[in-house]
$ cat coords.pdb   # PDB, C-alpha atoms
ATOM      1  CA  MET A1125     -45.193  15.747 -46.924  1.00  0.00           C
ATOM      2  CA  ARG A1126     -46.923  16.977 -43.767  1.00  0.00           C
ATOM      3  CA  GLU A1127     -46.127  13.687 -42.024  1.00  0.00           C
ATOM      4  CA  ILE A1128     -42.434  14.006 -42.820  1.00  0.00           C
ATOM      5  CA  ARG A1129     -42.355  17.510 -41.308  1.00  0.00           C
ATOM      6  CA  ILE A1130     -44.138  16.244 -38.193  1.00  0.00           C
ATOM      7  CA  CYS A1131     -41.671  13.385 -37.914  1.00  0.00           C
ATOM      8  CA  LEU A1132     -38.664  15.705 -38.337  1.00  0.00           C
ATOM      9  CA  VAL A1133     -39.963  18.119 -35.704  1.00  0.00           C
ATOM     10  CA  SER A1134     -40.648  15.193 -33.357  1.00  0.00           C
ATOM     11  CA  MET A1135     -37.144  13.858 -33.863  1.00  0.00           C
ATOM     12  CA  MET A1136     -35.557  17.256 -33.222  1.00  0.00           C
ATOM     13  CA  LEU A1137     -37.558  17.664 -30.018  1.00  0.00           C
ATOM     14  CA  ALA A1138     -36.717  14.145 -28.894  1.00  0.00           C
ATOM     15  CA  LEU A1139     -33.014  14.596 -29.596  1.00  0.00           C
ATOM     16  CA  SER A1140     -33.037  17.947 -27.828  1.00  0.00           C
ATOM     17  CA  ALA A1141     -34.644  16.369 -24.751  1.00  0.00           C
ATOM     18  CA  LEU A1142     -32.185  13.490 -24.868  1.00  0.00           C
ATOM     19  CA  ALA A1143     -29.178  15.811 -25.115  1.00  0.00           C
ATOM     20  CA  HIS A1144     -30.510  17.994 -22.310  1.00  0.00           C
ATOM     21  CA  ALA A1145     -31.175  14.983 -20.080  1.00  0.00           C
ATOM     22  CA  GLY A1146     -27.462  14.367 -19.654  1.00  0.00           C
ATOM     23  CA  GLY A1147     -27.480  16.634 -16.615  1.00  0.00           C
ATOM     24  CA  ASP A1148     -24.707  18.895 -17.885  1.00  0.00           C
ATOM     25  CA  SER A1149     -25.411  22.384 -16.664  1.00  0.00           C
ATOM     26  CA  SER A1150     -22.620  23.990 -18.662  1.00  0.00           C
ATOM     27  CA  ASP A1151     -25.267  26.114 -20.391  1.00  0.00           C
ATOM     28  CA  GLY A1152     -25.429  28.212 -17.240  1.00  0.00           C
ATOM     29  CA  HIS A1153     -28.838  27.401 -15.789  1.00  0.00           C
ATOM     30  CA  SER A1154     -29.709  25.149 -12.920  1.00  0.00           C
ATOM     31  CA  HIS A1155     -32.177  22.277 -12.801  1.00  0.00           C
ATOM     32  CA  GLY A1156     -32.554  22.087  -9.054  1.00  0.00           C
ATOM     33  CA  GLU A1157     -30.466  20.260  -6.534  1.00  0.00           C
ATOM     34  CA  ALA A1158     -28.309  17.681  -8.260  1.00  0.00           C
ATOM     35  CA  ALA A1159     -26.405  15.027  -6.394  1.00  0.00           C
ATOM     36  CA  THR A1160     -22.732  15.883  -6.405  1.00  0.00           C
ATOM     37  CA  PRO A1161     -20.706  12.833  -7.381  1.00  0.00           C
ATOM     38  CA  ALA A1162     -18.101  11.745  -4.895  1.00  0.00           C
ATOM     39  CA  MET A1163     -14.689  13.042  -5.770  1.00  0.00           C
ATOM     40  CA  THR A1164     -12.362  10.277  -6.770  1.00  0.00           C
ATOM     41  CA  VAL A1165      -8.674  10.622  -7.120  1.00  0.00           C
ATOM     42  CA  ASP A1166      -6.740   8.401  -9.418  1.00  0.00           C
ATOM     43  CA  GLY A1167      -3.436   7.369  -7.952  1.00  0.00           C
ATOM     44  CA  ALA A1168      -1.973   6.822  -4.568  1.00  0.00           C
ATOM     45  CA  PRO A1169      -2.197   9.219  -1.616  1.00  0.00           C
ATOM     46  CA  ARG A1170       0.609  11.751  -1.692  1.00  0.00           C
ATOM     47  CA  ALA A1171       1.989  14.803   0.063  1.00  0.00           C
ATOM     48  CA  SER A1172       4.672  17.301  -0.880  1.00  0.00           C
ATOM     49  CA  ALA A1173       6.865  19.904   0.785  1.00  0.00           C
ATOM     50  CA  GLN A1174       9.650  22.238  -0.211  1.00  0.00           C
ATOM     51  CA  THR A1175      12.314  24.367   1.380  1.00  0.00           C
ATOM     52  CA  ASP A1176      14.946  26.652  -0.110  1.00  0.00           C
ATOM     53  CA  GLU A1177      17.176  23.603  -0.538  1.00  0.00           C
ATOM     54  CA  PHE A1178      14.936  20.566  -1.176  1.00  0.00           C
ATOM     55  CA  GLU A1179      11.667  19.484  -2.721  1.00  0.00           C
ATOM     56  CA  LEU A1180      10.081  16.255  -1.486  1.00  0.00           C
ATOM     57  CA  VAL A1181       7.078  14.197  -2.594  1.00  0.00           C
ATOM     58  CA  ALA A1182       5.843  11.321  -0.415  1.00  0.00           C
ATOM     59  CA  VAL A1183       3.681   8.652  -2.080  1.00  0.00           C
ATOM     60  CA  LEU A1184       1.982   5.794  -0.243  1.00  0.00           C
ATOM     61  CA  GLU A1185       1.465   2.836  -2.540  1.00  0.00           C
ATOM     62  CA  ARG A1186       1.383  -0.933  -2.082  1.00  0.00           C
ATOM     63  CA  ARG A1187       2.096  -0.772   1.663  1.00  0.00           C
ATOM     64  CA  LYS A1188       5.259   1.240   1.050  1.00  0.00           C
ATOM     65  CA  LEU A1189       6.030   4.948   1.507  1.00  0.00           C
ATOM     66  CA  THR A1190       8.187   6.206  -1.350  1.00  0.00           C
ATOM     67  CA  LEU A1191       9.979   9.546  -1.040  1.00  0.00           C
ATOM     68  CA  TYR A1192      11.176  11.483  -4.091  1.00  0.00           C
ATOM     69  CA  LEU A1193      13.815  14.057  -3.154  1.00  0.00           C
ATOM     70  CA  ASP A1194      15.109  16.759  -5.532  1.00  0.00           C
ATOM     71  CA  ARG A1195      17.136  19.953  -5.268  1.00  0.00           C
ATOM     72  CA  PHE A1196      14.612  22.783  -5.254  1.00  0.00           C
ATOM     73  CA  ALA A1197      16.617  25.120  -7.501  1.00  0.00           C
ATOM     74  CA  THR A1198      17.599  22.595 -10.200  1.00  0.00           C
ATOM     75  CA  ASN A1199      15.096  19.724  -9.817  1.00  0.00           C
ATOM     76  CA  GLU A1200      18.137  17.410  -9.736  1.00  0.00           C
ATOM     77  CA  PRO A1201      17.575  14.146  -7.801  1.00  0.00           C
ATOM     78  CA  VAL A1202      19.386  14.082  -4.454  1.00  0.00           C
ATOM     79  CA  ALA A1203      21.361  10.850  -4.227  1.00  0.00           C
ATOM     80  CA  ASP A1204      22.854   9.269  -1.113  1.00  0.00           C
ATOM     81  CA  ALA A1205      20.891  11.378   1.382  1.00  0.00           C
ATOM     82  CA  LYS A1206      20.071  10.240   4.886  1.00  0.00           C
ATOM     83  CA  ILE A1207      16.313  10.577   5.384  1.00  0.00           C
ATOM     84  CA  GLU A1208      14.571   9.963   8.693  1.00  0.00           C
ATOM     85  CA  VAL A1209      10.765   9.955   8.903  1.00  0.00           C
ATOM     86  CA  GLU A1210       8.987  10.435  12.202  1.00  0.00           C
ATOM     87  CA  SER A1211       5.298  10.499  13.039  1.00  0.00           C
ATOM     88  CA  GLY A1212       3.065   9.308  15.843  1.00  0.00           C
ATOM     89  CA  VAL A1213       2.829   5.928  14.101  1.00  0.00           C
ATOM     90  CA  ILE A1214       6.332   5.476  12.671  1.00  0.00           C
ATOM     91  CA  LYS A1215       9.989   6.336  13.170  1.00  0.00           C
ATOM     92  CA  ALA A1216      12.235   4.963  10.443  1.00  0.00           C
ATOM     93  CA  VAL A1217      15.205   5.632   8.193  1.00  0.00           C
ATOM     94  CA  ALA A1218      14.437   5.493   4.465  1.00  0.00           C
ATOM     95  CA  THR A1219      16.477   3.300   2.135  1.00  0.00           C
ATOM     96  CA  GLN A1220      17.656   4.628  -1.228  1.00  0.00           C
ATOM     97  CA  ILE A1221      16.280   2.520  -4.102  1.00  0.00           C
ATOM     98  CA  ALA A1222      17.419   4.840  -6.922  1.00  0.00           C
ATOM     99  CA  PRO A1223      19.103   8.252  -7.087  1.00  0.00           C
ATOM    100  CA  GLY A1224      16.638  10.629  -5.437  1.00  0.00           C
ATOM    101  CA  VAL A1225      14.145   7.841  -4.628  1.00  0.00           C
ATOM    102  CA  TYR A1226      13.857   6.480  -1.099  1.00  0.00           C
ATOM    103  CA  SER A1227      11.546   3.925   0.476  1.00  0.00           C
ATOM    104  CA  LEU A1228      10.326   2.723   3.840  1.00  0.00           C
ATOM    105  CA  PRO A1229       7.587   0.356   5.008  1.00  0.00           C
ATOM    106  CA  GLY A1230       4.114   1.888   4.959  1.00  0.00           C
ATOM    107  CA  GLU A1231       2.102  -0.582   7.034  1.00  0.00           C
ATOM    108  CA  ALA A1232       1.709   2.052   9.762  1.00  0.00           C
ATOM    109  CA  PHE A1233      -0.552   4.013   7.393  1.00  0.00           C
ATOM    110  CA  ALA A1234      -3.094   1.222   6.934  1.00  0.00           C
ATOM    111  CA  SER A1235      -6.173   3.050   8.188  1.00  0.00           C
ATOM    112  CA  PRO A1236      -7.726   6.284   6.869  1.00  0.00           C
ATOM    113  CA  GLY A1237      -6.731   9.527   8.563  1.00  0.00           C
ATOM    114  CA  LYS A1238      -4.280  12.398   8.542  1.00  0.00           C
ATOM    115  CA  TYR A1239      -0.665  11.539   9.311  1.00  0.00           C
ATOM    116  CA  PRO A1240       1.663  14.491   9.984  1.00  0.00           C
ATOM    117  CA  LEU A1241       5.248  13.538   9.109  1.00  0.00           C
ATOM    118  CA  ALA A1242       8.495  15.208  10.132  1.00  0.00           C
ATOM    119  CA  ILE A1243      11.123  14.338   7.533  1.00  0.00           C
ATOM    120  CA  SER A1244      14.770  15.070   8.309  1.00  0.00           C
ATOM    121  CA  VAL A1245      17.051  15.250   5.257  1.00  0.00           C
ATOM    122  CA  GLN A1246      20.850  15.270   5.378  1.00  0.00           C
ATOM    123  CA  ALA A1247      22.617  15.375   2.004  1.00  0.00           C
ATOM    124  CA  GLY A1248      26.319  16.174   2.164  1.00  0.00           C
ATOM    125  CA  ASP A1249      26.697  19.618   3.750  1.00  0.00           C
ATOM    126  CA  SER A1250      23.007  20.410   3.336  1.00  0.00           C
ATOM    127  CA  GLY A1251      20.363  19.488   5.845  1.00  0.00           C
ATOM    128  CA  ASP A1252      16.746  20.422   6.356  1.00  0.00           C
ATOM    129  CA  LEU A1253      13.560  19.462   8.132  1.00  0.00           C
ATOM    130  CA  LEU A1254      10.424  19.125   6.012  1.00  0.00           C
ATOM    131  CA  THR A1255       6.916  18.589   7.312  1.00  0.00           C
ATOM    132  CA  VAL A1256       4.051  17.090   5.343  1.00  0.00           C
ATOM    133  CA  THR A1257       0.656  15.648   6.150  1.00  0.00           C
ATOM    134  CA  LEU A1258      -0.260  12.417   4.423  1.00  0.00           C
ATOM    135  CA  ASP A1259      -4.057  12.374   4.103  1.00  0.00           C
ATOM    136  CA  LEU A1260      -5.622   8.949   3.577  1.00  0.00           C
ATOM    137  CA  PRO A1261      -9.290   9.460   2.680  1.00  0.00           C
ATOM    138  CA  GLN A1262     -12.109   7.285   3.956  1.00  0.00           C
ATOM    139  CA  ALA A1263     -13.476   4.935   1.290  1.00  0.00           C
ATOM    140  CA  VAL A1264     -16.797   6.215  -0.011  1.00  0.00           C
ATOM    141  CA  ALA A1265     -19.384   3.493   0.569  1.00  0.00           C
ATOM    142  CA  GLY A1266     -22.595   3.488  -1.434  1.00  0.00           C
ATOM    143  CA  ALA A1267     -21.727   6.498  -3.574  1.00  0.00           C
ATOM    144  CA  ALA A1268     -24.578   7.336  -5.924  1.00  0.00           C
ATOM    145  CA  PRO A1269     -23.903   6.806  -9.600  1.00  0.00           C
ATOM    146  CA  VAL A1270     -23.493   9.910 -11.723  1.00  0.00           C
ATOM    147  CA  ASP A1271     -26.415   8.997 -14.018  1.00  0.00           C
ATOM    148  CA  SER A1272     -29.719   8.963 -12.203  1.00  0.00           C
ATOM    149  CA  TRP A1273     -32.882   7.072 -13.151  1.00  0.00           C
ATOM    150  CA  SER A1274     -34.621  10.315 -14.122  1.00  0.00           C
ATOM    151  CA  ASN A1275     -32.030  10.877 -16.851  1.00  0.00           C
ATOM    152  CA  TRP A1276     -32.648   7.355 -18.133  1.00  0.00           C
ATOM    153  CA  ALA A1277     -36.418   7.933 -18.063  1.00  0.00           C
ATOM    154  CA  VAL A1278     -36.124  11.128 -20.125  1.00  0.00           C
ATOM    155  CA  GLY A1279     -33.815   9.371 -22.582  1.00  0.00           C
ATOM    156  CA  GLY A1280     -36.213   6.421 -22.855  1.00  0.00           C
ATOM    157  CA  ALA A1281     -39.169   8.755 -23.448  1.00  0.00           C
ATOM    158  CA  ALA A1282     -37.229  10.581 -26.163  1.00  0.00           C
ATOM    159  CA  GLY A1283     -36.371   7.271 -27.836  1.00  0.00           C
ATOM    160  CA  ALA A1284     -40.020   6.140 -27.653  1.00  0.00           C
ATOM    161  CA  LEU A1285     -41.082   9.431 -29.245  1.00  0.00           C
ATOM    162  CA  LEU A1286     -38.594   8.878 -32.062  1.00  0.00           C
ATOM    163  CA  LEU A1287     -39.907   5.371 -32.686  1.00  0.00           C
ATOM    164  CA  ALA A1288     -43.514   6.595 -32.639  1.00  0.00           C
ATOM    165  CA  GLY A1289     -42.682   9.298 -35.192  1.00  0.00           C
ATOM    166  CA  ALA A1290     -40.942   6.807 -37.459  1.00  0.00           C
ATOM    167  CA  ALA A1291     -43.901   4.392 -37.168  1.00  0.00           C
ATOM    168  CA  LEU A1292     -46.319   7.205 -38.040  1.00  0.00           C
ATOM    169  CA  VAL A1293     -44.362   8.050 -41.186  1.00  0.00           C
ATOM    170  CA  ALA A1294     -44.207   4.366 -42.185  1.00  0.00           C
ATOM    171  CA  VAL A1295     -47.970   3.905 -41.729  1.00  0.00           C
ATOM    172  CA  ARG A1296     -48.767   7.067 -43.721  1.00  0.00           C
ATOM    173  CA  ARG A1297     -46.467   6.042 -46.553  1.00  0.00           C
ATOM    174  CA  ARG A1298     -48.028   2.591 -46.669  1.00  0.00           C
ATOM    175  CA  LYS A1299     -51.543   4.120 -46.886  1.00  0.00           C
ATOM    176  CA  ASN A1300     -50.426   6.555 -49.596  1.00  0.00           C
ATOM    177  CA  SER A1301     -48.773   3.775 -51.627  1.00  0.00           C
ATOM    178  CA  ARG A1302     -52.001   1.697 -51.506  1.00  0.00           C
ATOM    179  CA  ARG A1303     -54.053   4.645 -52.840  1.00  0.00           C
ATOM    180  CA  ASN A1304     -51.768   5.012 -55.843  1.00  0.00           C
TER     181      ASN A1304
END
$ encode --input "coords.pdb" --output "structure tokens"
Amino acid sequence: MREIRICLVSMMLALSALAHAGGDSSDGHSHGEAATPAMTVDGAPRASAQTDEFELVAVLERRKLTLYLDRFATNEPVADAKIEVESGVIKAVATQIAPGVYSLPGEAFASPGKYPLAISVQAGDSGDLLTVTLDLPQAVAGAAPVDSWSNWAVGGAAGALLLAGAALVAVRRRKNSRRN
């Protein structure tokens, strides 16, 4: 019976160490300097702007700049607008591909950097000038993985301790069964 208690205590300690090795500091205390993982953003680079009249979202994806234009007050897509985009690298008129959705070539935004855009919108009697900055981040080379080797080492040690405890119980039971 003593061996079973020892094994249970060993397993609880091993599991506690394994759970704590995950590096989650949500329990409020720090474990020293931890490497901050590089922030990754799912999706394409985008920028947005709004005025009293319009709301615009610019998305760069697949070598094409897509502009989504809505009425600010109603969120209704703005169809048949004339949209001109000007920057240091581009000056072009966007083509409507669906109501409220406009497109223009995006090859000018091939390299990382910040691209300020002046976007002129003329829709019927309404017109406005919106400014946005399209920020294309530098690719993170050699970013460290979130799990470090020390976490794996602690997990491996906890697993070895579990196996040792189970082996101890098995050996003790075998000896006890031979005595009987």
$ residues_around --input "coords.pdb" --residues "Gln1220 in chain A" --least-positions-apart "2" --cutoff "10 Å" --atoms "all atoms listed in the file" --output "PyMOL selection string"
chain A and resi 1190-1192+1203-1207+1217-1218+1222-1228
$ write_last_selection --input "coords.pdb" --atoms "C-alpha atoms" --output "JSON list (two decimals), in the coordinates of the input"
[["chain", "number", "residue", "atom", "x", "y", "z"],
["A", 1190, "THR", "CA", 8.19, 6.21, -1.35],
["A", 1191, "LEU", "CA", 9.98, 9.55, -1.04],
["A", 1192, "TYR", "CA", 11.18, 11.48, -4.09],
["A", 1203, "ALA", "CA", 21.36, 10.85, -4.23],
["A", 1204, "ASP", "CA", 22.85, 9.27, -1.11],
["A", 1205, "ALA", "CA", 20.89, 11.38, 1.38],
["A", 1206, "LYS", "CA", 20.07, 10.24, 4.89],
["A", 1207, "ILE", "CA", 16.31, 10.58, 5.38],
["A", 1217, "VAL", "CA", 15.20, 5.63, 8.19],
["A", 1218, "ALA", "CA", 14.44, 5.49, 4.46],
["A", 1222, "ALA", "CA", 17.42, 4.84, -6.92],
["A", 1223, "PRO", "CA", 19.10, 8.25, -7.09],
["A", 1224, "GLY", "CA", 16.64, 10.63, -5.44],
["A", 1225, "VAL", "CA", 14.14, 7.84, -4.63],
["A", 1226, "TYR", "CA", 13.86, 6.48, -1.10],
["A", 1227, "SER", "CA", 11.55, 3.92, 0.48],
["A", 1228, "LEU", "CA", 10.33, 2.72, 3.84]]
$ atom_distance --input "coords.pdb" --atom1 "CA of Arg1187 in chain A" --atom2 "CA of Thr1175 in chain A"
27.1 Å
$ residues_near_point --input "coords.pdb" --point "(16.9, 16.4, -1.8)" --cutoff "7 Å" --atoms "all atoms listed in the file" --output "ChimeraX atom specification"
/A:1178-1180,1193-1195,1201-1202,1224,1247
$ residues_around --input "coords.pdb" --residues "range 1236-1246 of chain A" --least-positions-apart "4" --cutoff "9 Å" --atoms "all atoms listed in the file" --output "PyMOL selection string"
chain A and resi 1178+1205-1214+1250-1263
$ atom_distance --input "coords.pdb" --atom1 "CA of Glu1200 in chain A" --atom2 "CA of Ser1172 in chain A"
16.1 Å
$ atom_distance --input "coords.pdb" --atom1 "CA of Phe1233 in chain A" --atom2 "CA of Arg1170 in chain A"
12.0 Å
$ residues_near_point --input "coords.pdb" --point "(0.6, 3.4, -8.0)" --cutoff "12 Å" --atoms "all atoms listed in the file" --output "list in words"
Val1165, Asp1166, Gly1167, Ala1168, Pro1169, Arg1170, Val1183, Leu1184, Glu1185, Arg1186, Arg1187, Lys1188, Leu1189 and Thr1190 of chain A
$ axis_aligned_box --input "coords.pdb" --around "range 1284-1299 of chain A" --padding-each-side "6 Å" --output "JSON"
{"center_x": -45.1, "center_y": 6.0, "center_z": -37.3, "size_x": 24.9, "size_y": 18.8, "size_z": 31.2}
$ build_atoms --input "coords.pdb" --residues "range 1190-1223 of chain A" --atoms "N, CA and C atoms" --output "compact mmCIF listing (two decimals), keeping the file's coordinate frame"
# COMPACT_ATOMS: atom_id res chain seq x y z
N THR A 1190 7.08 5.86 -0.46
CA THR A 1190 8.19 6.21 -1.35
C THR A 1190 8.38 7.71 -1.30
N LEU A 1191 9.63 8.13 -1.12
CA LEU A 1191 9.98 9.55 -1.04
C LEU A 1191 10.82 9.91 -2.26
N TYR A 1192 10.42 10.97 -2.95
CA TYR A 1192 11.18 11.48 -4.09
C TYR A 1192 11.79 12.81 -3.65
N LEU A 1193 13.10 12.89 -3.66
CA LEU A 1193 13.82 14.06 -3.15
C LEU A 1193 14.64 14.70 -4.27
N ASP A 1194 14.40 15.99 -4.50
CA ASP A 1194 15.11 16.76 -5.53
C ASP A 1194 15.66 18.05 -4.92
N ARG A 1195 16.67 18.60 -5.61
CA ARG A 1195 17.14 19.95 -5.27
C ARG A 1195 16.07 20.93 -5.75
N PHE A 1196 15.68 21.86 -4.90
CA PHE A 1196 14.61 22.78 -5.25
C PHE A 1196 14.99 23.66 -6.45
N ALA A 1197 16.20 24.18 -6.47
CA ALA A 1197 16.62 25.12 -7.50
C ALA A 1197 16.78 24.47 -8.87
N THR A 1198 17.26 23.22 -8.91
CA THR A 1198 17.60 22.60 -10.20
C THR A 1198 16.73 21.40 -10.57
N ASN A 1199 15.93 20.92 -9.63
CA ASN A 1199 15.10 19.72 -9.82
C ASN A 1199 15.95 18.48 -10.04
N GLU A 1200 17.21 18.53 -9.62
CA GLU A 1200 18.14 17.41 -9.74
C GLU A 1200 17.88 16.43 -8.59
N PRO A 1201 17.78 15.12 -8.88
CA PRO A 1201 17.58 14.15 -7.80
C PRO A 1201 18.72 14.19 -6.79
N VAL A 1202 18.39 14.07 -5.52
CA VAL A 1202 19.39 14.08 -4.45
C VAL A 1202 19.72 12.63 -4.11
N ALA A 1203 20.92 12.23 -4.48
CA ALA A 1203 21.36 10.85 -4.23
C ALA A 1203 22.10 10.77 -2.90
N ASP A 1204 22.09 9.59 -2.31
CA ASP A 1204 22.85 9.27 -1.11
C ASP A 1204 22.55 10.17 0.08
N ALA A 1205 21.30 10.57 0.23
CA ALA A 1205 20.89 11.38 1.38
C ALA A 1205 20.49 10.45 2.52
N LYS A 1206 20.58 10.97 3.73
CA LYS A 1206 20.07 10.24 4.89
C LYS A 1206 18.72 10.88 5.22
N ILE A 1207 17.66 10.07 5.14
CA ILE A 1207 16.31 10.58 5.38
C ILE A 1207 15.69 9.80 6.53
N GLU A 1208 15.27 10.55 7.55
CA GLU A 1208 14.57 9.96 8.69
C GLU A 1208 13.14 10.50 8.70
N VAL A 1209 12.18 9.59 8.88
CA VAL A 1209 10.76 9.96 8.90
C VAL A 1209 10.23 9.64 10.29
N GLU A 1210 9.55 10.63 10.87
CA GLU A 1210 8.99 10.44 12.20
C GLU A 1210 7.55 10.95 12.23
N SER A 1211 6.71 10.16 12.86
CA SER A 1211 5.30 10.50 13.04
C SER A 1211 4.85 9.81 14.31
N GLY A 1212 3.60 10.00 14.68
CA GLY A 1212 3.06 9.31 15.84
C GLY A 1212 2.99 7.81 15.64
N VAL A 1213 2.99 7.36 14.39
CA VAL A 1213 2.83 5.93 14.10
C VAL A 1213 4.10 5.26 13.57
N ILE A 1214 5.13 6.07 13.27
CA ILE A 1214 6.33 5.48 12.67
C ILE A 1214 7.55 6.34 12.98
N LYS A 1215 8.68 5.68 13.10
CA LYS A 1215 9.99 6.34 13.17
C LYS A 1215 10.94 5.41 12.44
N ALA A 1216 11.42 5.85 11.27
CA ALA A 1216 12.24 4.96 10.44
C ALA A 1216 13.21 5.76 9.59
N VAL A 1217 14.24 5.08 9.13
CA VAL A 1217 15.20 5.63 8.19
C VAL A 1217 14.88 5.06 6.82
N ALA A 1218 14.77 5.93 5.82
CA ALA A 1218 14.44 5.49 4.46
C ALA A 1218 15.67 4.91 3.77
N THR A 1219 15.42 3.95 2.91
CA THR A 1219 16.48 3.30 2.13
C THR A 1219 16.43 3.82 0.70
N GLN A 1220 17.61 4.16 0.16
CA GLN A 1220 17.66 4.63 -1.23
C GLN A 1220 17.45 3.44 -2.17
N ILE A 1221 16.51 3.58 -3.12
CA ILE A 1221 16.28 2.52 -4.10
C ILE A 1221 16.69 2.96 -5.50
N ALA A 1222 16.91 4.26 -5.68
CA ALA A 1222 17.42 4.84 -6.92
C ALA A 1222 17.88 6.25 -6.57
N PRO A 1223 18.68 6.89 -7.41
CA PRO A 1223 19.10 8.25 -7.09
C PRO A 1223 17.88 9.17 -6.92
